[in-house]
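S.K.: Coordinates in target.cif, mmCIF, C-alpha atoms and all ligand atoms, are listed below.
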data_query
#
loop_
_atom_site.label_atom_id
_atom_site.label_comp_id
_atom_site.auth_asym_id
_atom_site.auth_seq_id
_atom_site.Cartn_x
_atom_site.Cartn_y
_atom_site.Cartn_z
CA MET E 7 -55.57 30.78 -37.16
CA LYS E 8 -57.34 28.27 -39.42
CA LEU E 9 -55.51 25.07 -40.33
CA GLU E 10 -56.45 25.56 -44.00
CA LYS E 11 -54.38 28.77 -44.05
CA MET E 12 -51.14 26.89 -43.29
CA GLU E 13 -48.81 26.67 -46.27
CA LYS E 14 -45.84 24.39 -46.83
CA ILE E 15 -42.94 23.86 -49.17
CA HIS E 16 -42.10 20.59 -50.91
CA LEU E 17 -39.43 18.55 -49.13
CA GLY E 18 -40.68 14.95 -49.07
CA GLU E 19 -42.44 12.51 -51.37
CA TYR E 20 -46.10 11.78 -50.59
CA PRO E 21 -48.12 9.80 -50.09
CA THR E 22 -45.56 7.59 -48.40
CA PRO E 23 -46.26 3.90 -49.07
CA LEU E 24 -48.87 2.09 -47.00
CA GLU E 25 -48.12 -1.62 -47.21
CA LYS E 26 -49.49 -4.83 -45.75
CA MET E 27 -46.99 -6.74 -43.61
CA GLU E 28 -47.92 -10.12 -45.12
CA HIS E 29 -45.65 -12.38 -43.10
CA LEU E 30 -46.11 -10.69 -39.75
CA SER E 31 -49.89 -10.62 -40.21
CA LYS E 32 -49.92 -14.39 -40.75
CA LYS E 33 -47.49 -15.04 -37.92
CA HIS E 34 -49.07 -12.88 -35.23
CA THR E 35 -52.78 -12.82 -36.09
CA GLY E 36 -53.11 -16.21 -37.79
CA GLY E 37 -54.58 -14.29 -40.72
CA LYS E 38 -57.54 -13.10 -38.58
CA PHE E 39 -56.67 -9.46 -39.23
CA ASN E 40 -53.99 -7.48 -41.01
CA LEU E 41 -51.01 -5.43 -39.93
CA TYR E 42 -49.99 -2.56 -42.21
CA ILE E 43 -46.99 -0.27 -42.20
CA LYS E 44 -46.99 3.41 -43.17
CA ARG E 45 -43.52 4.13 -44.52
CA ASP E 46 -42.73 7.62 -43.23
CA ASP E 47 -39.15 6.40 -43.04
CA ALA E 48 -39.23 6.95 -46.81
CA THR E 49 -40.12 10.65 -46.95
CA GLY E 50 -36.61 11.97 -47.80
CA PRO E 51 -34.50 14.13 -47.83
CA ALA E 52 -31.24 12.78 -46.28
CA PHE E 53 -33.04 9.52 -45.38
CA GLY E 54 -36.13 11.40 -44.21
CA GLY E 55 -38.33 10.23 -41.38
CA ASN E 56 -41.15 11.90 -39.52
CA LYS E 57 -39.44 15.29 -39.21
CA THR E 58 -39.86 16.02 -42.92
CA ARG E 59 -43.62 16.52 -42.61
CA LYS E 60 -43.10 19.05 -39.82
CA LEU E 61 -40.24 20.80 -41.59
CA GLU E 62 -42.29 21.51 -44.71
CA TYR E 63 -44.37 23.95 -42.65
CA VAL E 64 -41.46 25.24 -40.56
CA MET E 65 -39.31 25.99 -43.62
CA LYS E 66 -42.15 27.83 -45.33
CA GLU E 67 -42.42 30.07 -42.27
CA ALA E 68 -38.63 30.54 -42.17
CA LEU E 69 -38.38 31.43 -45.85
CA ASP E 70 -41.33 33.83 -45.65
CA GLY E 71 -39.71 35.46 -42.61
CA GLY E 72 -36.43 36.06 -44.45
CA TYR E 73 -34.37 33.78 -42.19
CA THR E 74 -30.91 32.87 -43.49
CA ALA E 75 -29.79 30.33 -40.86
CA MET E 76 -31.62 27.42 -39.24
CA LEU E 77 -30.67 26.44 -35.70
CA THR E 78 -32.03 23.42 -33.90
CA TYR E 79 -31.23 21.17 -30.96
CA GLY E 80 -31.05 17.56 -29.83
CA GLY E 81 -28.94 14.73 -28.56
CA PRO E 82 -25.77 13.86 -30.50
CA GLN E 83 -27.72 11.39 -32.68
CA THR E 84 -30.77 13.54 -33.31
CA ASN E 85 -32.74 12.43 -36.38
CA HIS E 86 -34.58 15.71 -36.21
CA GLY E 87 -31.25 17.55 -36.45
CA ARG E 88 -30.11 15.56 -39.50
CA THR E 89 -33.38 16.16 -41.37
CA THR E 90 -33.45 19.84 -40.41
CA VAL E 91 -29.93 20.28 -41.75
CA ALA E 92 -30.92 18.73 -45.10
CA ALA E 93 -34.06 20.87 -45.27
CA ALA E 94 -32.09 24.03 -44.46
CA ILE E 95 -29.56 23.26 -47.18
CA LYS E 96 -32.33 22.67 -49.73
CA CYS E 97 -33.79 26.04 -48.77
CA GLY E 98 -30.44 27.85 -49.04
CA MET E 99 -30.14 28.42 -45.30
CA LYS E 100 -27.08 27.81 -43.09
CA PRO E 101 -27.55 24.72 -40.90
CA ILE E 102 -26.55 24.90 -37.22
CA LEU E 103 -26.95 22.17 -34.57
CA VAL E 104 -26.52 22.69 -30.84
CA LEU E 105 -26.19 19.21 -29.36
CA GLY E 106 -26.14 18.06 -25.75
CA GLY E 107 -22.94 16.62 -24.32
CA LYS E 108 -19.22 16.62 -24.92
CA LYS E 109 -17.63 16.80 -28.37
CA PRO E 110 -17.14 13.15 -29.46
CA GLU E 111 -13.88 11.59 -30.56
CA TYR E 112 -15.50 9.64 -33.36
CA LEU E 113 -18.33 10.43 -35.80
CA SER E 114 -21.03 7.82 -36.29
CA GLY E 115 -24.69 7.51 -37.34
CA ASN E 116 -26.45 10.83 -37.81
CA LEU E 117 -23.40 12.83 -36.74
CA THR E 118 -21.44 11.54 -39.73
CA LEU E 119 -24.21 12.76 -42.02
CA ASP E 120 -24.48 16.13 -40.23
CA ALA E 121 -20.75 16.63 -40.73
CA MET E 122 -20.95 15.52 -44.38
CA MET E 123 -23.59 18.18 -44.94
CA GLY E 124 -21.23 20.85 -43.60
CA THR E 125 -23.26 21.67 -40.51
CA ASP E 126 -21.97 24.04 -37.86
CA ILE E 127 -22.16 21.58 -34.93
CA VAL E 128 -21.76 22.90 -31.38
CA PHE E 129 -21.61 20.54 -28.39
CA THR E 130 -22.57 21.89 -25.01
CA THR E 131 -23.72 20.99 -21.54
CA ASP E 132 -25.62 24.30 -21.33
CA MET E 133 -28.01 24.52 -24.28
CA GLU E 134 -29.42 27.92 -23.41
CA LYS E 135 -26.04 29.59 -23.05
CA ALA E 136 -24.68 27.95 -26.20
CA ALA E 137 -27.75 28.94 -28.22
CA LYS E 138 -27.44 32.57 -27.14
CA GLU E 139 -23.76 32.66 -28.12
CA VAL E 140 -24.35 30.97 -31.47
CA ILE E 141 -27.26 33.23 -32.38
CA ALA E 142 -25.26 36.34 -31.41
CA LYS E 143 -22.33 35.17 -33.57
CA TYR E 144 -24.53 34.62 -36.64
CA GLU E 145 -26.46 37.85 -36.13
CA ALA E 146 -23.21 39.78 -35.88
CA GLN E 147 -22.35 38.57 -39.38
CA GLY E 148 -25.74 39.67 -40.73
CA ASP E 149 -27.72 36.41 -40.53
CA LYS E 150 -31.28 36.05 -39.30
CA VAL E 151 -31.47 32.83 -37.26
CA TYR E 152 -34.64 30.71 -37.06
CA ASN E 153 -34.61 29.09 -33.63
CA LEU E 154 -36.37 25.72 -33.93
CA PRO E 155 -36.99 23.83 -30.65
CA VAL E 156 -36.14 20.15 -30.12
CA GLY E 157 -38.09 17.77 -32.35
CA GLY E 158 -39.68 20.56 -34.40
CA SER E 159 -42.84 19.96 -32.35
CA THR E 160 -44.07 23.54 -32.56
CA LEU E 161 -47.52 24.87 -33.42
CA THR E 162 -46.23 25.18 -36.98
CA GLY E 163 -44.45 21.80 -37.19
CA VAL E 164 -47.38 19.87 -35.73
CA VAL E 165 -49.45 20.58 -38.84
CA GLY E 166 -47.40 17.92 -40.65
CA TYR E 167 -48.97 15.09 -38.64
CA ILE E 168 -52.42 16.64 -38.49
CA MET E 169 -52.40 16.52 -42.28
CA ALA E 170 -50.83 13.05 -42.36
CA VAL E 171 -54.10 11.70 -40.93
CA LYS E 172 -55.94 12.92 -44.03
CA GLU E 173 -53.30 11.30 -46.24
CA ILE E 174 -53.75 7.96 -44.45
CA MET E 175 -57.55 8.19 -44.64
CA ASP E 176 -57.39 8.85 -48.40
CA GLN E 177 -54.96 5.97 -48.88
CA CYS E 178 -57.15 3.55 -46.92
CA GLU E 179 -60.13 4.56 -49.02
CA ALA E 180 -58.21 4.07 -52.26
CA MET E 181 -56.97 0.65 -51.07
CA ASP E 182 -60.41 -0.30 -49.69
CA ILE E 183 -58.95 -1.21 -46.30
CA HIS E 184 -60.46 -0.33 -42.92
CA PRO E 185 -57.84 -0.25 -40.15
CA LYS E 186 -59.11 0.53 -36.66
CA HIS E 187 -55.82 1.58 -35.05
CA LEU E 188 -52.71 3.55 -35.93
CA VAL E 189 -49.73 2.81 -33.67
CA ALA E 190 -47.15 5.62 -33.37
CA THR E 191 -44.13 6.63 -31.32
CA VAL E 192 -44.44 9.23 -28.54
CA GLY E 193 -41.36 11.47 -28.31
CA SER E 194 -41.42 15.26 -28.32
CA LEU E 195 -45.16 15.03 -29.18
CA GLY E 196 -45.28 16.62 -32.65
CA THR E 197 -46.09 13.27 -34.22
CA PHE E 198 -48.38 11.65 -31.66
CA GLY E 199 -49.92 14.99 -30.67
CA GLY E 200 -50.49 15.94 -34.31
CA LEU E 201 -52.10 12.56 -35.04
CA ASN E 202 -54.37 12.98 -32.02
CA VAL E 203 -55.50 16.34 -33.35
CA GLY E 204 -55.83 15.00 -36.90
CA ILE E 205 -58.05 12.00 -36.05
CA ARG E 206 -60.49 14.31 -34.29
CA TYR E 207 -60.38 17.13 -36.82
CA PHE E 208 -60.86 14.82 -39.83
CA HIS E 209 -63.15 12.33 -37.99
CA ALA E 210 -60.84 9.43 -38.84
CA PRO E 211 -62.29 5.91 -38.68
CA PHE E 212 -59.24 4.78 -36.64
CA ASP E 213 -57.79 5.74 -33.26
CA VAL E 214 -54.13 6.40 -32.38
CA ILE E 215 -52.21 4.29 -29.89
CA GLY E 216 -48.93 5.73 -28.63
CA VAL E 217 -45.81 3.93 -27.45
CA PRO E 218 -43.44 6.15 -25.41
CA VAL E 219 -39.69 6.24 -25.97
CA SER E 220 -38.99 7.50 -22.45
CA PRO E 221 -40.35 6.16 -19.18
CA GLY E 222 -42.54 8.71 -17.42
CA THR E 223 -44.28 10.01 -20.53
CA LYS E 224 -47.60 11.31 -19.23
CA LYS E 225 -51.01 11.36 -20.90
CA GLU E 226 -51.57 14.78 -19.25
CA THR E 227 -48.66 16.26 -21.20
CA VAL E 228 -50.14 14.95 -24.45
CA SER E 229 -53.67 16.18 -23.72
CA GLU E 230 -52.33 19.65 -22.83
CA PHE E 231 -50.39 19.76 -26.10
CA VAL E 232 -53.40 18.56 -28.12
CA ASN E 233 -55.65 21.20 -26.52
CA LYS E 234 -53.09 23.94 -27.14
CA VAL E 235 -52.96 22.99 -30.82
CA ALA E 236 -56.76 22.63 -31.11
CA GLU E 237 -57.22 26.07 -29.55
CA PHE E 238 -54.58 27.71 -31.74
CA TYR E 239 -56.17 26.35 -34.92
CA GLU E 240 -59.69 27.25 -33.71
CA MET E 241 -60.90 23.65 -33.66
CA ASP E 242 -64.03 22.82 -31.72
CA PHE E 243 -62.87 19.87 -29.62
CA ARG E 244 -60.84 19.46 -26.43
CA VAL E 245 -59.48 16.26 -24.84
CA THR E 246 -58.82 14.93 -21.34
CA PRO E 247 -55.90 12.66 -20.39
CA GLU E 248 -58.36 9.72 -20.46
CA ASP E 249 -58.92 10.35 -24.18
CA ILE E 250 -55.23 9.74 -24.90
CA ASN E 251 -54.27 6.13 -25.56
CA ILE E 252 -50.67 5.45 -24.54
CA GLN E 253 -49.64 1.84 -23.96
CA TYR E 254 -46.69 1.52 -21.59
CA GLY E 255 -46.20 -2.25 -21.73
CA PRO E 256 -45.50 -4.63 -18.84
CA ASP E 257 -44.25 -3.02 -15.59
CA ASP E 258 -41.16 -5.21 -15.49
CA ALA E 259 -40.28 -4.62 -19.17
CA PRO E 260 -41.89 -1.37 -20.39
CA TYR E 261 -41.86 -0.72 -24.14
CA SER E 262 -39.76 2.42 -23.51
CA GLY E 263 -37.00 0.33 -21.97
CA GLU E 264 -35.23 1.58 -18.87
CA GLU E 265 -34.42 4.94 -20.38
CA TYR E 266 -34.33 6.93 -23.60
CA ASN E 267 -31.89 5.52 -26.17
CA LYS E 268 -30.55 2.81 -23.85
CA PRO E 269 -29.78 -0.37 -25.82
CA ASP E 270 -32.40 -2.93 -24.92
CA PRO E 271 -32.53 -6.63 -25.99
CA LEU E 272 -36.34 -6.81 -26.26
CA THR E 273 -36.36 -3.83 -28.64
CA ARG E 274 -33.60 -5.42 -30.69
CA ALA E 275 -35.53 -8.70 -30.89
CA ALA E 276 -38.51 -6.80 -32.35
CA MET E 277 -36.21 -4.94 -34.77
CA PHE E 278 -34.69 -8.22 -35.96
CA GLU E 279 -38.16 -9.69 -36.43
CA LEU E 280 -39.32 -6.77 -38.60
CA ALA E 281 -36.11 -7.05 -40.61
CA ARG E 282 -36.30 -10.83 -41.03
CA GLU E 283 -40.03 -11.11 -41.74
CA GLU E 284 -40.55 -8.01 -43.89
CA GLY E 285 -37.08 -6.74 -44.86
CA ILE E 286 -37.73 -3.41 -43.14
CA ILE E 287 -35.15 -1.69 -40.94
CA SER E 288 -36.29 0.05 -37.77
CA ASP E 289 -34.21 1.75 -35.07
CA PRO E 290 -33.33 1.01 -31.45
CA THR E 291 -34.35 4.40 -30.02
CA TYR E 292 -37.83 5.01 -31.43
CA THR E 293 -39.45 2.73 -33.98
CA GLY E 294 -38.02 -0.53 -32.61
CA LYS E 295 -39.65 0.23 -29.25
CA THR E 296 -42.94 1.09 -30.91
CA PHE E 297 -42.81 -2.00 -33.07
CA ARG E 298 -42.13 -4.17 -30.02
CA GLY E 299 -45.18 -2.56 -28.44
CA LEU E 300 -47.29 -3.31 -31.51
CA LEU E 301 -46.37 -7.01 -31.57
CA ASP E 302 -46.88 -7.38 -27.82
CA MET E 303 -50.31 -5.72 -28.01
CA VAL E 304 -51.31 -8.03 -30.87
CA ASP E 305 -50.03 -11.12 -29.04
CA LYS E 306 -51.94 -10.12 -25.88
CA GLY E 307 -55.17 -9.33 -27.74
CA ILE E 308 -55.07 -5.62 -26.83
CA ILE E 309 -55.05 -5.06 -30.58
CA ALA E 310 -57.44 -7.41 -32.38
CA GLU E 311 -58.38 -5.54 -35.57
CA ASP E 312 -56.59 -4.22 -38.67
CA THR E 313 -53.82 -1.86 -37.55
CA ILE E 314 -51.26 0.45 -39.15
CA PHE E 315 -47.78 0.81 -37.68
CA LEU E 316 -46.31 4.24 -38.40
CA HIS E 317 -42.62 3.88 -39.26
CA THR E 318 -41.07 7.25 -38.46
CA GLY E 319 -37.50 6.52 -39.63
CA GLY E 320 -34.33 6.78 -37.56
CA ALA E 321 -32.36 3.75 -38.80
CA MET E 322 -29.12 5.76 -38.65
CA ALA E 323 -28.95 4.96 -34.93
CA VAL E 324 -28.13 1.36 -35.89
CA TRP E 325 -24.68 2.63 -36.92
CA THR E 326 -23.72 4.14 -33.59
CA LYS E 327 -21.13 2.55 -31.36
CA GLU E 328 -23.35 1.78 -28.37
CA HIS E 329 -25.97 0.01 -30.49
CA LEU E 330 -23.47 -1.74 -32.78
CA ASP E 331 -21.58 -3.05 -29.74
CA ASP E 332 -24.74 -4.53 -28.29
CA MET E 333 -25.77 -6.14 -31.58
CA GLN E 334 -22.48 -7.90 -32.38
CA GLN E 335 -22.88 -10.94 -30.17
CA GLU E 336 -26.60 -11.37 -30.84
CA LEU E 337 -26.18 -11.16 -34.59
CA PHE E 338 -23.12 -13.37 -34.82
CA GLY E 339 -24.89 -15.92 -32.67
CA ASN E 340 -28.19 -15.65 -34.47
CA CYS E 341 -27.34 -15.48 -38.15
CA THR E 342 -25.58 -17.55 -40.78
CA ILE E 343 -22.20 -15.92 -41.31
CA SER E 344 -19.60 -18.36 -42.59
CA GLU E 345 -16.40 -18.50 -44.56
CA ILE E 346 -15.52 -21.11 -47.15
C1 LIG W 401 -37.24 8.08 -35.77
C2 LIG W 401 -38.11 8.87 -34.85
N1 LIG W 401 -39.34 8.41 -34.59
C3 LIG W 401 -40.16 9.06 -33.75
C4 LIG W 401 -39.77 10.23 -33.14
C5 LIG W 401 -40.71 10.90 -32.19
O1 LIG W 401 -41.36 11.94 -32.83
P1 LIG W 401 -41.85 13.19 -32.02
O2 LIG W 401 -40.65 13.86 -31.47
O3 LIG W 401 -42.59 13.99 -33.01
O4 LIG W 401 -42.73 12.68 -30.94
C6 LIG W 401 -38.50 10.76 -33.39
C7 LIG W 401 -38.06 12.00 -32.72
O5 LIG W 401 -36.96 12.40 -32.78
C8 LIG W 401 -37.64 10.07 -34.28
O6 LIG W 401 -36.42 10.51 -34.56
#
Go ahead and render the structure in this file as structure tokens.

M.R.:
Amino acid sequence: MKLEKMEKIHLGEYPTPLEKMEHLSKKHTGGKFNLYIKRDDATGPAFGGNKTRKLEYVMKEALDGGYTAMLTYGGPQTNHGRTTVAAAIKCGMKPILVLGGKKPEYLSGNLTLDAMMGTDIVFTTDMEKAAKEVIAKYEAQGDKVYNLPVGGSTLTGVVGYIMAVKEIMDQCEAMDIHPKHLVATVGSLGTFGGLNVGIRYFHAPFDVIGVPVSPGTKKETVSEFVNKVAEFYEMDFRVTPEDINIQYGPDDAPYSGEEYNKPDPLTRAAMFELAREEGIISDPTYTGKTFRGLLDMVDKGIIAEDTIFLHTGGAMAVWTKEHLDDMQQELFGNCTISEI
């Protein structure tokens, strides 16, 4: 399959803004080089984020295949799930989410939005069994169910971030800027893997540095994924784990935090800094960790040239109980809130 043959539908607004972070550049580089932000948190629909780029290709495939229902998976606060639901609705398909864990007592963050959009939400501790049951139920009523894996990081979905590289290159050219690095989050790999394919396929003048959201994220897993994609799309390069640039951060305080989605004060400090210096909201599970990594790499001189931070969305996690609870004391103690 040739990449050029891949077709997509319109779900998001592109190009997403590419902006200089004026205040943070001055503060952290002393004006020696610039820090930019690529606003993929602003893709839309339903608050958008990185999943929209993937879903444009996935939905095209689903519509062409005559699917009438869209099923995907994730944790209770999956951003991927929320965006997939919105995309399915736009395409006239029934949205279904199978989410890990017990049915909650209270809706917050993404779950509130999933419920508002009328999603069929199924909680389970056995994803495989639940998926089988749900698919059988929908098929029995005449639906054809598109079964989209976690994160939408499939051979189809990954095209979104391969093509995003070209968009960034065109934008840099139009703005006459010459960044040397693009810093992105490493989750289910569609984004970071796609970018790694894209920079090689389009011969980008910048590299990609990944920040993992879970401890134990391996370069081998990324290189395998990149090679699988490169082979599928008949590209003429292959990579080794050494070609993949993931920065884990200090051993005693890794950028990923102790575990996926665990509230973490260092991540929150970086989130507050981005909010207070640039008025941009990041999230505690993905982009806050990546942003903390970016600032730390700049402060330590690991990054010493113009760099773009890819904001992949996810701010809905700010409005979940575990993260709100952890922010209360810090914000009340670190902000002017008064009463007259
Ligand atoms: C806000 C946000 N950023 C980054 C990621 C990671 O993207 P990927 O799963 O493509 O690696 C996710 C994944 O869910 C996300 O929700």

S.K.: My list of candidates is E:Phe212, E:Tyr239, E:Phe231, E:Tyr207. Which is closest to Pro185 of chain E when distances are computed with all atoms listed in the file?

M.R.: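 Answer, going by the shortest atom-to-atom distance: E:Phe212.
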
S.K.: Which residue, E:Lys295, E:Lys150, E:Lys186, E:Lys135, has the smallest gap to ligand LIG 401 (chain W) when you use all atoms listed in the file?

M.R.: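 Under the stated criterion, the closest residue is E:Lys295.
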
S.K.: Which protein, DNA or RNA residues have an atom within 7 Å of ligand LIG 401 (chain W), counting only C-alpha atoms and all ligand atoms, as a ChimeraX atom specification?

M.R.: /E:55-56,84-86,157,159,191-198,292-293,318-320

S.K.: Residues within 10 Å of Tyr167 of chain E, please, as a ChimeraX atom specification. Count all atoms listed in the file; anything in the same chain fewer than 4 positions from it doesn't count.

M.R.: /E:56-57,59-60,163,171-173,196-205

S.K.: Between atom CA of Arg274 of chain E and atom CA of Gly166 of chain E, what is the distance, to one decimal in Å?

M.R.: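 Separating atom CA of Arg274 of chain E from atom CA of Gly166 of chain E is a distance of 28.9 Å.
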
S.K.: Which residue out of E:Lys234, E:Lys327, E:Lys33, E:Lys100 has the minimum interatomic distance to Leu77 of chain E when only C-alpha atoms are used?

M.R.: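 The closest residue to Leu77 of chain E is E:Lys100.
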
S.K.: Near Glu264 of chain E, counting all atoms listed in the file, which residues have an atom at most 7 Å away, once you skip same-chain residues fewer than 2 positions from it, shown as a VMD selection string?

M.R.: chain E and resid 221 262 268

S.K.: Suppose you want the space between atom CA of Tyr63 of chain E and atom CA of Met322 of chain E; what is it in Å?

M.R.: 24.1 Å

S.K.: Which residues come within 12 Å of Ile309 of chain E, counting all atoms listed in the file, excluding same-chain residues fewer than 4 positions away, as a ChimeraX atom specification?

M.R.: /E:34-35,38-41,185-189,213-215,253,299-305,313-315

S.K.: I'd like the box whose edges run along x, y and z of the file and which contains every listed atom of segment 206-225 of chain E, padded by 6 Å per side; could you state its centre and edge lengths in Å, one decimal, as JSON?

M.R.:
{"center_x": -51.1, "center_y": 10.5, "center_z": -28.6, "size_x": 36.2, "size_y": 25.2, "size_z": 34.4}

S.K.: For the atom pair atom CA of Leu117 of chain E and atom CA of Glu67 of chain E, what is the interatomic distance in Å to one decimal place?

M.R.: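 If I compute the distance from atom CA of Leu117 of chain E to atom CA of Glu67 of chain E, I get 26.3 Å.
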
S.K.: Taking (-44.7, 0.0, -40.1) in the file's own coordinates, collect the residues within 7 Å, counting all atoms listed in the file, and hand them back as a PyMOL selection string.

M.R.: chain E and resi 42-45+314-317

S.K.: Closest to Gln83 of chain E among E:Asp70, E:Asp120, E:Glu134, E:Glu283, using only C-alpha atoms?

M.R.: E:Asp120

S.K.: Within 9 Å of (-24.3, 16.8, -46.9) in the file's own coordinates, which protein, DNA or RNA residues have an atom, counting all atoms listed in the file? List them as a PyMOL selection string.

M.R.: chain E and resi 52+91-92+95+119-125

S.K.: How close does segment 224-325 of chain E get to segment 331-336 of chain E? List, as a Markdown table, each residue of segment 224-325 of chain E within 10 Å, its nearest atom pair and the distance in Å to one decimal, counting only C-alpha atoms.

M.R.:
| residue | atom | partner | partner_atom | distance |
| --- | --- | --- | --- | --- |
| E:Pro269 | CA | E:Asp332 | CA | 7.0 |
| E:Asp270 | CA | E:Asp332 | CA | 8.5 |
| E:Pro271 | CA | E:Asp332 | CA | 8.4 |
| E:Arg274 | CA | E:Met333 | CA | 7.9 |
| E:Ala275 | CA | E:Glu336 | CA | 9.3 |
| E:Val324 | CA | E:Met333 | CA | 9.0 |
| E:Trp325 | CA | E:Asp331 | CA | 9.7 |

S.K.: Those same residues, written as a tab-separated table (two decimals), in the coordinates of the input with C-alpha atoms?

M.R.:
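Okay, out00.tsv is ready:
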chain	number	residue	atom	x	y	z
E	269	PRO	CA	-29.78	-0.37	-25.82
E	270	ASP	CA	-32.40	-2.93	-24.92
E	271	PRO	CA	-32.53	-6.63	-25.99
E	274	ARG	CA	-33.60	-5.42	-30.69
E	275	ALA	CA	-35.53	-8.70	-30.89
E	324	VAL	CA	-28.13	1.36	-35.89
E	325	TRP	CA	-24.68	2.63	-36.92

S.K.: Taking into account all atoms listed in the file, which residue in the set E:Thr291, E:Gln147, E:Thr89, E:Thr246 is nearest to Val228 of chain E?

M.R.: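 For Val228 of chain E, the nearest of the candidates is E:Thr246.
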